[in-house]
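Undergrad: Mind looking over this structure? Questions follow.
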Amino acid sequence: MSEHRCDITLTVNGESVAESVDARKTLVDFLRDDLVLTGSHVGCEHGVCGACTVRVDGVIVRGCLMLAAQCDGARVETIEGVSDGGEIADLQAAFEQRNALQCGFCTPGMLLTAQELLAGGGVPSREKIREQISGNYCRCTGYHAIVDAIESVAQARAGNKP
Amino acid sequence: MKPSPFAYAKAKSLDHAIELLSRPDGEARLLAGGQSLIATLNMRLSAPKLLIDLNGIGGLAGIAVKNGQVEIGALTRHAEAERSADIARHAPLIALALPHIGHAAIRNRGTLGGSIAFADPAAELPACLLALDGEVDIASPTGKRTVQADDFFKGLFETALGPRDVLTAIRVPAAADDTRVGFAEFARRHGDYAMVGLAACAQADGKGLGDVRLAYFGVGAVPLRAKKAETRLTEGNIDDAVKALASDLDPSGDVQATGATKMHLAGVLLRRVARQLMEARS
């Protein structure tokens with residue numbers, strides 16, 4: 001009925017995974033330690049920094065604020081899967097072109113967070129972009145270049161010429 | 001940090017969750033959105049022996065408008081409420097507050113019931129529930145009961161919920177044509193817990209306001225009504241209402257601001273929110 005270890009079956013980046021995990025293991029630790037998907041980063045471990053952002057059942061979540069045990073039957077996507085699939089190739093290119101990353105620690109979470117906003121369509125205001133990424137810490141860039149990159153992709157996807 | 005070891009059980013039904021809570025073998029905690037609970041586990045501020053996951057229980061999420069009330073199932077996620085046309089139309093105060101809660105990823109997981117049950121004194125939704133004169137449905141081994149918002153928040157992170165209770169829904173009166181609402185907060189960063197915040201509801205009464213309810217958060221152990229300021233605002237005098245806050249509130253300082261700063265900000269918020277209350281509903 002209740003266990004310190006849990007058997008879970010889920011899909012991660014489209015592949016079926018079946019593992020036995022400690023009940024107390026967070027999703028991001030499971031992805032990094034058990035599946036060696038180290039693109040999702042562990043920063044604050046209490047939901048503040050956003051470095052561990054992944055997608056569960058299509059929406060972004062904090063990987064440190066969900067347990068792996070809760071992901072039985074879930075569809076999990078990490079930066080590895082989302083970038084390999086080409087979904088955010090334009091966003092990645094814009095981050096590079098605009099110097100929207102330096103050390104890169106926040107970048108996977110930043111990209112997934114930005115993509116959720118952009119997937120909603122339209123060209124969000126810079127204020128809305130800042131609001132969207134307010135839960136993702138970047139200690140290098142000062143955010144301005146990140147907002148520029150996200151805005152430019154929104155414009156490009158809406159068919160506006162730069 | 002990593003959490004202390006605990007056992008995990010997925011509740012199959014509300015009755016099953018209550019049964020698990022009733023087990024004598026030590027401290028059990030209910031897991032809803034987990035956006036506060038798992039953070040406290042990670043920091044080892046809390047070390048329950050058993051986590052009871054409510055997320056698989058059907059029927060605990062959803063928004064319904066009936067009998068002049070908006071009923072919000074406890075497991076309704078912030079993001080779902082944010083997208084809800086029923087919330088926008090019938091619970092406009094909650095609609096104003098939701099974008100201030102955490103960040104996009106937090107709102108995708110966090111639940112309205114969890115926020116009310118956790119009762120963080122700086123959180124938005126407990127104050128909204130109080131301002132709206134809402135109520136909370138609770139299930140327990142001995143049956144179901146309903147508690148008014150005025151009686152629900154007891155102390156710091158302390159509510160009318162007992163150790164074997166499960167919060168199942170919250171209800172607020174559906175907004176009428178003459179309902180006016182206002183919401184504002186000061187936070188250092190969008191989505192952070194507020195230094196001071198104010199949720200307010202009133203009924204337009206000719207050119208003035210009646211039934212004003214001002215619920216401050218971040219200024220005490222629980223969300224607080226500013227009752228003297230409510231009276232002054234009903235009389236139509238904003239300056240007097242701001243002055244009356246001195247007898248309604250006595251905030252302590254914290255890491256973010258001194259008590260005096262919070263008092264000043266409470267006045268600034270009252271002026272902003274009073275303006276919102278007096279605007280005609282679009």
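Identifiers in this document derive from the order of the structure tokens: chains are assigned A, B, ..., residues are numbered from 1 separately in each chain, and ligands are numbered from 1 in order of occurrence.
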Kindly provide the residues of chain A that approach chain B to within 7 Å, each paired with its closest atom pair and their distance in Å to one decimal, based on only C-alpha atoms, listed by chain and increasing number, as a Markdown table.
TA:
```
| residue | atom | partner | partner_atom | distance |
| --- | --- | --- | --- | --- |
| A:Met1 | CA | B:Ala9 | CA | 6.2 |
| A:Ser2 | CA | B:Ala9 | CA | 4.4 |
| A:Glu3 | CA | B:Ala7 | CA | 4.8 |
| A:His4 | CA | B:Ala7 | CA | 4.3 |
| A:Ala23 | CA | B:Tyr8 | CA | 5.8 |
| A:Arg24 | CA | B:Pro5 | CA | 5.9 |
| A:Glu45 | CA | B:Met1 | CA | 6.6 |
| A:His46 | CA | B:Ala39 | CA | 4.4 |
| A:Gly47 | CA | B:Ala39 | CA | 6.5 |
| A:Val59 | CA | B:Asn108 | CA | 6.8 |
| A:Ile60 | CA | B:Ala105 | CA | 5.1 |
| A:Val61 | CA | B:Ala105 | CA | 4.5 |
| A:Arg62 | CA | B:Ala105 | CA | 6.2 |
| A:Leu65 | CA | B:Ile38 | CA | 5.4 |
| A:Met66 | CA | B:Gly34 | CA | 6.9 |
| A:Glu131 | CA | B:His190 | CA | 6.5 |
| A:Gln132 | CA | B:Ala104 | CA | 6.3 |
| A:Ser134 | CA | B:His190 | CA | 6.2 |
| A:Gly135 | CA | B:His103 | CA | 5.3 |
```
Undergrad: With all heavy atoms retained, could you export that selection as a tab-separated table (two decimals), in the first residue's frame?
TA:
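Writing done, so here's result26.tsv:
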```
chain	number	residue	atom	x	y	z
A	1	MET	N	0.84	-1.21	0.00
A	1	MET	CA	0.00	0.00	0.00
A	1	MET	C	0.87	1.25	0.00
A	1	MET	O	0.72	2.15	-0.78
A	1	MET	CB	-0.93	-0.01	1.21
A	1	MET	CG	-1.89	1.15	1.22
A	1	MET	SD	-2.86	1.22	2.72
A	1	MET	CE	-4.02	-0.09	2.43
A	2	SER	N	1.80	1.28	0.93
A	2	SER	CA	2.74	2.41	0.89
A	2	SER	C	4.14	1.85	1.00
A	2	SER	O	4.39	0.95	1.79
A	2	SER	CB	2.47	3.38	2.03
A	2	SER	OG	2.71	2.76	3.27
A	3	GLU	N	5.03	2.43	0.24
A	3	GLU	CA	6.36	1.84	0.12
A	3	GLU	C	7.43	2.91	0.13
A	3	GLU	O	7.19	4.03	-0.27
A	3	GLU	CB	6.46	1.07	-1.21
A	3	GLU	CG	5.48	-0.07	-1.35
A	3	GLU	CD	5.70	-1.20	-0.37
A	3	GLU	OE1	6.81	-1.32	0.18
A	3	GLU	OE2	4.74	-1.96	-0.12
A	4	HIS	N	8.59	2.52	0.59
A	4	HIS	CA	9.73	3.42	0.47
A	4	HIS	C	10.35	3.34	-0.93
A	4	HIS	O	11.11	4.21	-1.33
A	4	HIS	CB	10.77	3.13	1.54
A	4	HIS	CG	10.37	3.65	2.89
A	4	HIS	ND1	9.50	2.99	3.70
A	4	HIS	CD2	10.69	4.79	3.53
A	4	HIS	CE1	9.30	3.70	4.82
A	4	HIS	NE2	10.00	4.80	4.72
A	23	ALA	N	11.13	6.37	-2.86
A	23	ALA	CA	9.96	7.25	-2.81
A	23	ALA	C	10.38	8.71	-2.70
A	23	ALA	O	9.73	9.60	-3.20
A	23	ALA	CB	9.07	6.87	-1.62
A	24	ARG	N	11.51	8.94	-2.02
A	24	ARG	CA	11.90	10.33	-1.78
A	24	ARG	C	12.70	10.95	-2.93
A	24	ARG	O	13.14	12.09	-2.84
A	24	ARG	CB	12.71	10.42	-0.50
A	24	ARG	CG	14.03	9.68	-0.58
A	24	ARG	CD	14.86	10.02	0.63
A	24	ARG	NE	16.04	9.18	0.74
A	24	ARG	CZ	17.13	9.54	1.41
A	24	ARG	NH1	17.18	10.69	2.01
A	24	ARG	NH2	18.14	8.72	1.49
A	45	GLU	N	17.09	23.38	-5.40
A	45	GLU	CA	16.34	22.25	-4.83
A	45	GLU	C	15.16	22.67	-3.96
A	45	GLU	O	14.70	21.90	-3.13
A	45	GLU	CB	17.27	21.31	-4.03
A	45	GLU	CG	18.32	20.68	-4.89
A	45	GLU	CD	19.09	19.59	-4.15
A	45	GLU	OE1	19.67	19.91	-3.10
A	45	GLU	OE2	19.10	18.44	-4.63
A	46	HIS	N	14.67	23.88	-4.12
A	46	HIS	CA	13.41	24.19	-3.46
A	46	HIS	C	12.49	25.07	-4.32
A	46	HIS	O	11.69	25.85	-3.80
A	46	HIS	CB	13.58	24.72	-2.05
A	46	HIS	CG	14.32	26.02	-1.92
A	46	HIS	ND1	15.68	26.11	-1.96
A	46	HIS	CD2	13.87	27.27	-1.73
A	46	HIS	CE1	16.04	27.38	-1.81
A	46	HIS	NE2	14.96	28.11	-1.67
A	47	GLY	N	12.63	24.93	-5.64
A	47	GLY	CA	11.61	25.51	-6.51
A	47	GLY	C	11.80	26.97	-6.86
A	47	GLY	O	10.90	27.60	-7.41
A	59	VAL	N	3.38	20.02	-19.96
A	59	VAL	CA	3.56	21.34	-19.35
A	59	VAL	C	4.82	21.38	-18.50
A	59	VAL	O	5.27	20.36	-17.97
A	59	VAL	CB	2.34	21.76	-18.48
A	59	VAL	CG1	1.08	21.86	-19.32
A	59	VAL	CG2	2.13	20.80	-17.31
A	60	ILE	N	5.40	22.59	-18.40
A	60	ILE	CA	6.65	22.70	-17.64
A	60	ILE	C	6.37	22.60	-16.14
A	60	ILE	O	5.37	23.11	-15.64
A	60	ILE	CB	7.41	24.02	-17.94
A	60	ILE	CG1	6.52	25.26	-17.73
A	60	ILE	CG2	8.01	23.98	-19.33
A	60	ILE	CD1	7.30	26.57	-17.71
A	61	VAL	N	7.29	21.92	-15.46
A	61	VAL	CA	7.21	21.79	-14.01
A	61	VAL	C	8.62	21.91	-13.44
A	61	VAL	O	9.62	21.81	-14.16
A	61	VAL	CB	6.61	20.43	-13.56
A	61	VAL	CG1	5.23	20.22	-14.16
A	61	VAL	CG2	7.54	19.27	-13.91
A	62	ARG	N	8.68	22.13	-12.12
A	62	ARG	CA	9.95	22.08	-11.41
A	62	ARG	C	10.32	20.61	-11.19
A	62	ARG	O	9.58	19.89	-10.50
A	62	ARG	CB	9.80	22.72	-10.04
A	62	ARG	CG	9.43	24.19	-10.06
A	62	ARG	CD	10.63	24.99	-10.46
A	62	ARG	NE	10.55	26.35	-9.99
A	62	ARG	CZ	10.61	27.40	-10.82
A	62	ARG	NH1	10.71	27.24	-12.13
A	62	ARG	NH2	10.58	28.61	-10.32
A	65	LEU	N	10.45	19.70	-7.53
A	65	LEU	CA	9.24	19.75	-6.70
A	65	LEU	C	8.23	18.68	-7.12
A	65	LEU	O	7.05	18.78	-6.83
A	65	LEU	CB	8.59	21.14	-6.76
A	65	LEU	CG	9.41	22.28	-6.17
A	65	LEU	CD1	8.60	23.58	-6.14
A	65	LEU	CD2	9.90	21.96	-4.76
A	66	MET	N	8.70	17.69	-7.86
A	66	MET	CA	7.89	16.51	-8.15
A	66	MET	C	8.73	15.31	-7.78
A	66	MET	O	9.94	15.32	-7.96
A	66	MET	CB	7.54	16.44	-9.64
A	66	MET	CG	6.12	16.88	-9.95
A	66	MET	SD	5.67	16.49	-11.65
A	66	MET	CE	4.70	15.01	-11.39
A	131	GLU	N	7.86	38.28	-17.28
A	131	GLU	CA	7.01	37.59	-16.31
A	131	GLU	C	7.17	36.07	-16.43
A	131	GLU	O	7.30	35.36	-15.44
A	131	GLU	CB	5.56	37.97	-16.61
A	131	GLU	CG	4.69	38.29	-15.44
A	131	GLU	CD	3.33	38.72	-15.93
A	131	GLU	OE1	3.16	39.92	-16.20
A	131	GLU	OE2	2.45	37.84	-16.06
A	132	GLN	N	7.17	35.59	-17.67
A	132	GLN	CA	7.26	34.15	-17.91
A	132	GLN	C	8.56	33.58	-17.37
A	132	GLN	O	8.58	32.49	-16.79
A	132	GLN	CB	7.15	33.86	-19.41
A	132	GLN	CG	7.31	32.41	-19.81
A	132	GLN	CD	6.10	31.54	-19.46
A	132	GLN	OE1	5.06	32.04	-19.07
A	132	GLN	NE2	6.24	30.24	-19.62
A	134	SER	N	10.36	34.85	-15.00
A	134	SER	CA	10.65	35.37	-13.65
A	134	SER	C	11.01	34.25	-12.69
A	134	SER	O	11.62	34.49	-11.65
A	134	SER	CB	9.46	36.17	-13.10
A	134	SER	OG	8.33	35.33	-12.92
A	135	GLY	N	10.63	33.02	-13.02
A	135	GLY	CA	10.96	31.89	-12.14
A	135	GLY	C	12.22	31.16	-12.57
A	135	GLY	O	12.45	30.03	-12.14
```
Undergrad: Give the strand (DSSP E or B) residues of stretch 122-219 of chain B, as assigned by DSSP on the backbone, as a ChimeraX atom specification.
TA: /B:135-140,143-148,153-155,158-159,166-173,179-186,196-205,208-217
Undergrad: So that I can check the surroundings of A:Glu151, please list as a CSV table (one decimal) with all heavy atoms, in the first residue's frame every protein, DNA and RNA residue that reaches within 10 Å of it, counting only C-alpha atoms and ignoring chain neighbours fewer than 4 positions away.
TA:
```
chain,number,residue,atom,x,y,z
A,91,LEU,N,14.9,28.8,-31.3
A,91,LEU,CA,15.1,29.4,-30.0
A,91,LEU,C,16.6,29.2,-29.6
A,91,LEU,O,17.3,30.2,-29.1
A,91,LEU,CB,14.2,28.8,-29.0
A,91,LEU,CG,13.9,29.6,-27.7
A,91,LEU,CD1,13.4,31.0,-27.9
A,91,LEU,CD2,12.9,28.8,-26.9
A,94,ALA,N,18.7,31.5,-31.6
A,94,ALA,CA,18.6,32.9,-31.2
A,94,ALA,C,19.4,33.2,-29.9
A,94,ALA,O,20.0,34.2,-29.7
A,94,ALA,CB,17.1,33.3,-31.0
A,114,ALA,N,10.6,29.4,-22.0
A,114,ALA,CA,10.3,30.3,-23.1
A,114,ALA,C,9.4,29.6,-24.1
A,114,ALA,O,8.5,30.2,-24.6
A,114,ALA,CB,11.6,30.8,-23.7
A,118,LEU,N,6.0,30.8,-26.0
A,118,LEU,CA,5.9,30.9,-27.4
A,118,LEU,C,4.9,30.0,-28.1
A,118,LEU,O,4.3,30.3,-29.1
A,118,LEU,CB,7.3,30.7,-28.1
A,118,LEU,CG,8.4,31.7,-27.7
A,118,LEU,CD1,9.7,31.4,-28.2
A,118,LEU,CD2,8.0,33.1,-28.1
A,123,VAL,N,2.9,37.3,-30.5
A,123,VAL,CA,4.1,38.0,-30.0
A,123,VAL,C,3.9,38.6,-28.7
A,123,VAL,O,3.3,39.6,-28.6
A,123,VAL,CB,4.6,39.0,-31.1
A,123,VAL,CG1,5.9,39.7,-30.6
A,123,VAL,CG2,4.8,38.4,-32.4
A,124,PRO,N,4.3,37.9,-27.6
A,124,PRO,CA,4.1,38.4,-26.3
A,124,PRO,C,4.9,39.7,-26.1
A,124,PRO,O,6.0,39.9,-26.7
A,124,PRO,CB,4.6,37.3,-25.4
A,124,PRO,CG,5.5,36.4,-26.2
A,124,PRO,CD,5.0,36.6,-27.6
A,125,SER,N,4.4,40.6,-25.2
A,125,SER,CA,5.2,41.8,-24.9
A,125,SER,C,6.4,41.4,-24.1
A,125,SER,O,6.5,40.3,-23.5
A,125,SER,CB,4.3,42.7,-24.0
A,125,SER,OG,4.1,42.1,-22.7
A,126,ARG,N,7.4,42.4,-24.1
A,126,ARG,CA,8.6,42.1,-23.3
A,126,ARG,C,8.3,41.9,-21.8
A,126,ARG,O,8.9,41.1,-21.2
A,126,ARG,CB,9.6,43.3,-23.5
A,126,ARG,CG,10.2,43.3,-25.0
A,126,ARG,CD,11.1,44.4,-25.2
A,126,ARG,NE,12.4,44.3,-24.4
A,126,ARG,CZ,13.4,43.6,-24.9
A,126,ARG,NH1,13.4,43.0,-26.1
A,126,ARG,NH2,14.5,43.6,-24.2
A,129,ILE,N,7.1,38.5,-21.4
A,129,ILE,CA,8.3,37.5,-21.5
A,129,ILE,C,9.1,37.5,-20.2
A,129,ILE,O,9.4,36.5,-19.6
A,129,ILE,CB,9.3,37.9,-22.7
A,129,ILE,CG1,8.6,37.7,-24.0
A,129,ILE,CG2,10.6,37.2,-22.6
A,129,ILE,CD1,9.3,38.3,-25.2
A,145,ALA,N,19.4,40.0,-22.8
A,145,ALA,CA,19.7,39.3,-24.1
A,145,ALA,C,18.7,38.1,-24.2
A,145,ALA,O,18.4,37.7,-25.3
A,145,ALA,CB,21.1,38.8,-24.1
A,146,ILE,N,18.3,37.6,-23.1
A,146,ILE,CA,17.4,36.4,-23.1
A,146,ILE,C,16.0,36.9,-23.6
A,146,ILE,O,15.4,36.3,-24.5
A,146,ILE,CB,17.3,35.8,-21.7
A,146,ILE,CG1,18.6,35.2,-21.3
A,146,ILE,CG2,16.2,34.7,-21.7
A,146,ILE,CD1,18.6,34.6,-19.9
A,147,VAL,N,15.6,38.1,-23.1
A,147,VAL,CA,14.3,38.7,-23.5
A,147,VAL,C,14.4,39.0,-25.0
A,147,VAL,O,13.5,38.7,-25.8
A,147,VAL,CB,14.0,39.9,-22.7
A,147,VAL,CG1,12.7,40.5,-23.2
A,147,VAL,CG2,13.8,39.6,-21.2
A,155,GLN,N,8.7,37.0,-33.0
A,155,GLN,CA,8.5,37.7,-34.2
A,155,GLN,C,8.7,36.9,-35.4
A,155,GLN,O,7.9,36.9,-36.3
A,155,GLN,CB,9.5,38.9,-34.3
A,155,GLN,CG,9.4,39.9,-33.2
A,155,GLN,CD,8.3,41.0,-33.5
A,155,GLN,OE1,7.6,40.8,-34.4
A,155,GLN,NE2,8.3,42.0,-32.6
A,156,ALA,N,9.8,36.1,-35.4
A,156,ALA,CA,10.1,35.2,-36.6
A,156,ALA,C,9.0,34.2,-36.8
A,156,ALA,O,8.5,34.0,-37.9
A,156,ALA,CB,11.4,34.6,-36.4
A,157,ARG,N,8.5,33.6,-35.7
A,157,ARG,CA,7.5,32.6,-35.8
A,157,ARG,C,6.2,33.2,-36.3
A,157,ARG,O,5.3,32.5,-36.9
A,157,ARG,CB,7.3,31.8,-34.5
A,157,ARG,CG,8.4,30.9,-34.2
A,157,ARG,CD,8.1,30.0,-33.0
A,157,ARG,NE,9.2,29.3,-32.5
A,157,ARG,CZ,9.2,28.5,-31.4
A,157,ARG,NH1,8.1,28.3,-30.8
A,157,ARG,NH2,10.3,27.9,-31.0
```
Undergrad: How many Å separate atom CA of A:Ala18 from atom CA of A:Phe30?
TA: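 Going from atom CA of A:Ala18 over to atom CA of A:Phe30, I get 11.8 Å.
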Undergrad: May I have the residues within 12 Å of B:Met278 as an MDAnalysis selection string, using only C-alpha atoms and disregarding those fewer than 2 positions away in the same chain?
TA: chainID B and resid 178:182 200:210 212 233:234 236 238 271:276 280:282
Undergrad: Could you please determine the separation between atom CA of B:Glu80 and atom CA of B:Gly62 in Å, to one decimal place?
TA: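 Atom-to-atom, atom CA of B:Glu80 to atom CA of B:Gly62, that is 8.6 Å.
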Undergrad: Write out as a list in words which residues come within 8 Å of stretch 220-223 of chain B when counting only C-alpha atoms, dropping same-chain ones fewer than 2 positions away.
TA: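 These residues fall inside the cut-off: Ala119, Asp120, Pro121, Ala122, Pro126, Ala127, Leu130, Phe153, Lys154, Gly155, Leu156, Phe157, Ala215, Tyr216, Phe217, Gly218, Arg225, Asp250, Pro251 and Ser252 of chain B.
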Undergrad: Please, could you write that set of residues out with N, CA, C and O atoms as a PDB file, in the first residue's frame?
TA:
```
ATOM      1  N   ALA B 119      -1.915  27.609   3.881  1.00  0.00           N
ATOM      2  CA  ALA B 119      -2.163  28.867   4.597  1.00  0.00           C
ATOM      3  C   ALA B 119      -0.894  29.651   4.888  1.00  0.00           C
ATOM      4  O   ALA B 119      -0.694  30.138   6.011  1.00  0.00           O
ATOM      5  N   ASP B 120      -0.048  29.786   3.883  1.00  0.00           N
ATOM      6  CA  ASP B 120       1.104  30.668   4.062  1.00  0.00           C
ATOM      7  C   ASP B 120       0.593  32.094   4.287  1.00  0.00           C
ATOM      8  O   ASP B 120      -0.252  32.565   3.531  1.00  0.00           O
ATOM      9  N   PRO B 121       1.082  32.767   5.317  1.00  0.00           N
ATOM     10  CA  PRO B 121       0.532  34.098   5.625  1.00  0.00           C
ATOM     11  C   PRO B 121       0.822  35.136   4.539  1.00  0.00           C
ATOM     12  O   PRO B 121       0.179  36.195   4.519  1.00  0.00           O
ATOM     13  N   ALA B 122       1.764  34.865   3.658  1.00  0.00           N
ATOM     14  CA  ALA B 122       2.072  35.809   2.585  1.00  0.00           C
ATOM     15  C   ALA B 122       1.459  35.362   1.259  1.00  0.00           C
ATOM     16  O   ALA B 122       1.744  35.953   0.219  1.00  0.00           O
ATOM     17  N   PRO B 126      -5.406  32.580   0.273  1.00  0.00           N
ATOM     18  CA  PRO B 126      -6.106  32.675   1.554  1.00  0.00           C
ATOM     19  C   PRO B 126      -6.746  34.056   1.752  1.00  0.00           C
ATOM     20  O   PRO B 126      -7.881  34.149   2.227  1.00  0.00           O
ATOM     21  N   ALA B 127      -6.029  35.107   1.361  1.00  0.00           N
ATOM     22  CA  ALA B 127      -6.589  36.460   1.503  1.00  0.00           C
ATOM     23  C   ALA B 127      -7.802  36.644   0.588  1.00  0.00           C
ATOM     24  O   ALA B 127      -8.790  37.280   0.969  1.00  0.00           O
ATOM     25  N   LEU B 130     -10.779  35.023   2.131  1.00  0.00           N
ATOM     26  CA  LEU B 130     -11.279  35.843   3.244  1.00  0.00           C
ATOM     27  C   LEU B 130     -12.027  37.071   2.712  1.00  0.00           C
ATOM     28  O   LEU B 130     -13.111  37.407   3.200  1.00  0.00           O
ATOM     29  N   PHE B 153      -8.713  30.332   9.139  1.00  0.00           N
ATOM     30  CA  PHE B 153      -7.282  30.610   9.354  1.00  0.00           C
ATOM     31  C   PHE B 153      -7.054  30.925  10.829  1.00  0.00           C
ATOM     32  O   PHE B 153      -7.542  31.916  11.348  1.00  0.00           O
ATOM     33  N   LYS B 154      -6.317  30.062  11.515  1.00  0.00           N
ATOM     34  CA  LYS B 154      -6.226  30.133  12.980  1.00  0.00           C
ATOM     35  C   LYS B 154      -4.931  30.762  13.467  1.00  0.00           C
ATOM     36  O   LYS B 154      -4.901  31.401  14.512  1.00  0.00           O
ATOM     37  N   GLY B 155      -3.857  30.508  12.793  1.00  0.00           N
ATOM     38  CA  GLY B 155      -2.554  30.984  13.260  1.00  0.00           C
ATOM     39  C   GLY B 155      -1.534  30.719  12.174  1.00  0.00           C
ATOM     40  O   GLY B 155      -1.883  30.327  11.063  1.00  0.00           O
ATOM     41  N   LEU B 156      -0.271  30.914  12.519  1.00  0.00           N
ATOM     42  CA  LEU B 156       0.779  30.747  11.518  1.00  0.00           C
ATOM     43  C   LEU B 156       0.770  29.307  10.972  1.00  0.00           C
ATOM     44  O   LEU B 156       1.018  28.369  11.724  1.00  0.00           O
ATOM     45  N   PHE B 157       0.466  29.156   9.697  1.00  0.00           N
ATOM     46  CA  PHE B 157       0.350  27.847   9.027  1.00  0.00           C
ATOM     47  C   PHE B 157      -0.635  26.925   9.756  1.00  0.00           C
ATOM     48  O   PHE B 157      -0.532  25.705   9.674  1.00  0.00           O
ATOM     49  N   ALA B 215      -8.816  42.288   2.810  1.00  0.00           N
ATOM     50  CA  ALA B 215      -8.023  41.211   3.418  1.00  0.00           C
ATOM     51  C   ALA B 215      -6.552  41.400   3.047  1.00  0.00           C
ATOM     52  O   ALA B 215      -6.164  41.255   1.884  1.00  0.00           O
ATOM     53  N   TYR B 216      -5.764  41.756   4.059  1.00  0.00           N
ATOM     54  CA  TYR B 216      -4.321  41.945   3.855  1.00  0.00           C
ATOM     55  C   TYR B 216      -3.576  40.627   4.041  1.00  0.00           C
ATOM     56  O   TYR B 216      -3.980  39.785   4.851  1.00  0.00           O
ATOM     57  N   PHE B 217      -2.500  40.457   3.301  1.00  0.00           N
ATOM     58  CA  PHE B 217      -1.620  39.297   3.543  1.00  0.00           C
ATOM     59  C   PHE B 217      -0.170  39.769   3.612  1.00  0.00           C
ATOM     60  O   PHE B 217       0.169  40.861   3.147  1.00  0.00           O
ATOM     61  N   GLY B 218       0.637  38.961   4.293  1.00  0.00           N
ATOM     62  CA  GLY B 218       2.044  39.330   4.498  1.00  0.00           C
ATOM     63  C   GLY B 218       2.243  40.311   5.639  1.00  0.00           C
ATOM     64  O   GLY B 218       3.324  40.870   5.803  1.00  0.00           O
ATOM     65  N   ARG B 225      -8.368  40.920   8.102  1.00  0.00           N
ATOM     66  CA  ARG B 225      -9.326  41.947   7.704  1.00  0.00           C
ATOM     67  C   ARG B 225      -8.906  43.278   8.330  1.00  0.00           C
ATOM     68  O   ARG B 225      -8.542  43.333   9.504  1.00  0.00           O
ATOM     69  N   ASP B 250      -0.703  45.700  12.559  1.00  0.00           N
ATOM     70  CA  ASP B 250       0.517  45.944  13.341  1.00  0.00           C
ATOM     71  C   ASP B 250       1.587  44.976  12.857  1.00  0.00           C
ATOM     72  O   ASP B 250       1.964  44.041  13.560  1.00  0.00           O
ATOM     73  N   PRO B 251       2.033  45.167  11.615  1.00  0.00           N
ATOM     74  CA  PRO B 251       2.941  44.160  11.036  1.00  0.00           C
ATOM     75  C   PRO B 251       4.304  44.143  11.714  1.00  0.00           C
ATOM     76  O   PRO B 251       4.834  45.187  12.074  1.00  0.00           O
ATOM     77  N   SER B 252       4.845  42.947  11.893  1.00  0.00           N
ATOM     78  CA  SER B 252       6.221  42.817  12.360  1.00  0.00           C
ATOM     79  C   SER B 252       7.145  42.915  11.152  1.00  0.00           C
ATOM     80  O   SER B 252       6.735  42.603  10.034  1.00  0.00           O
TER      81      SER B 252
END
```
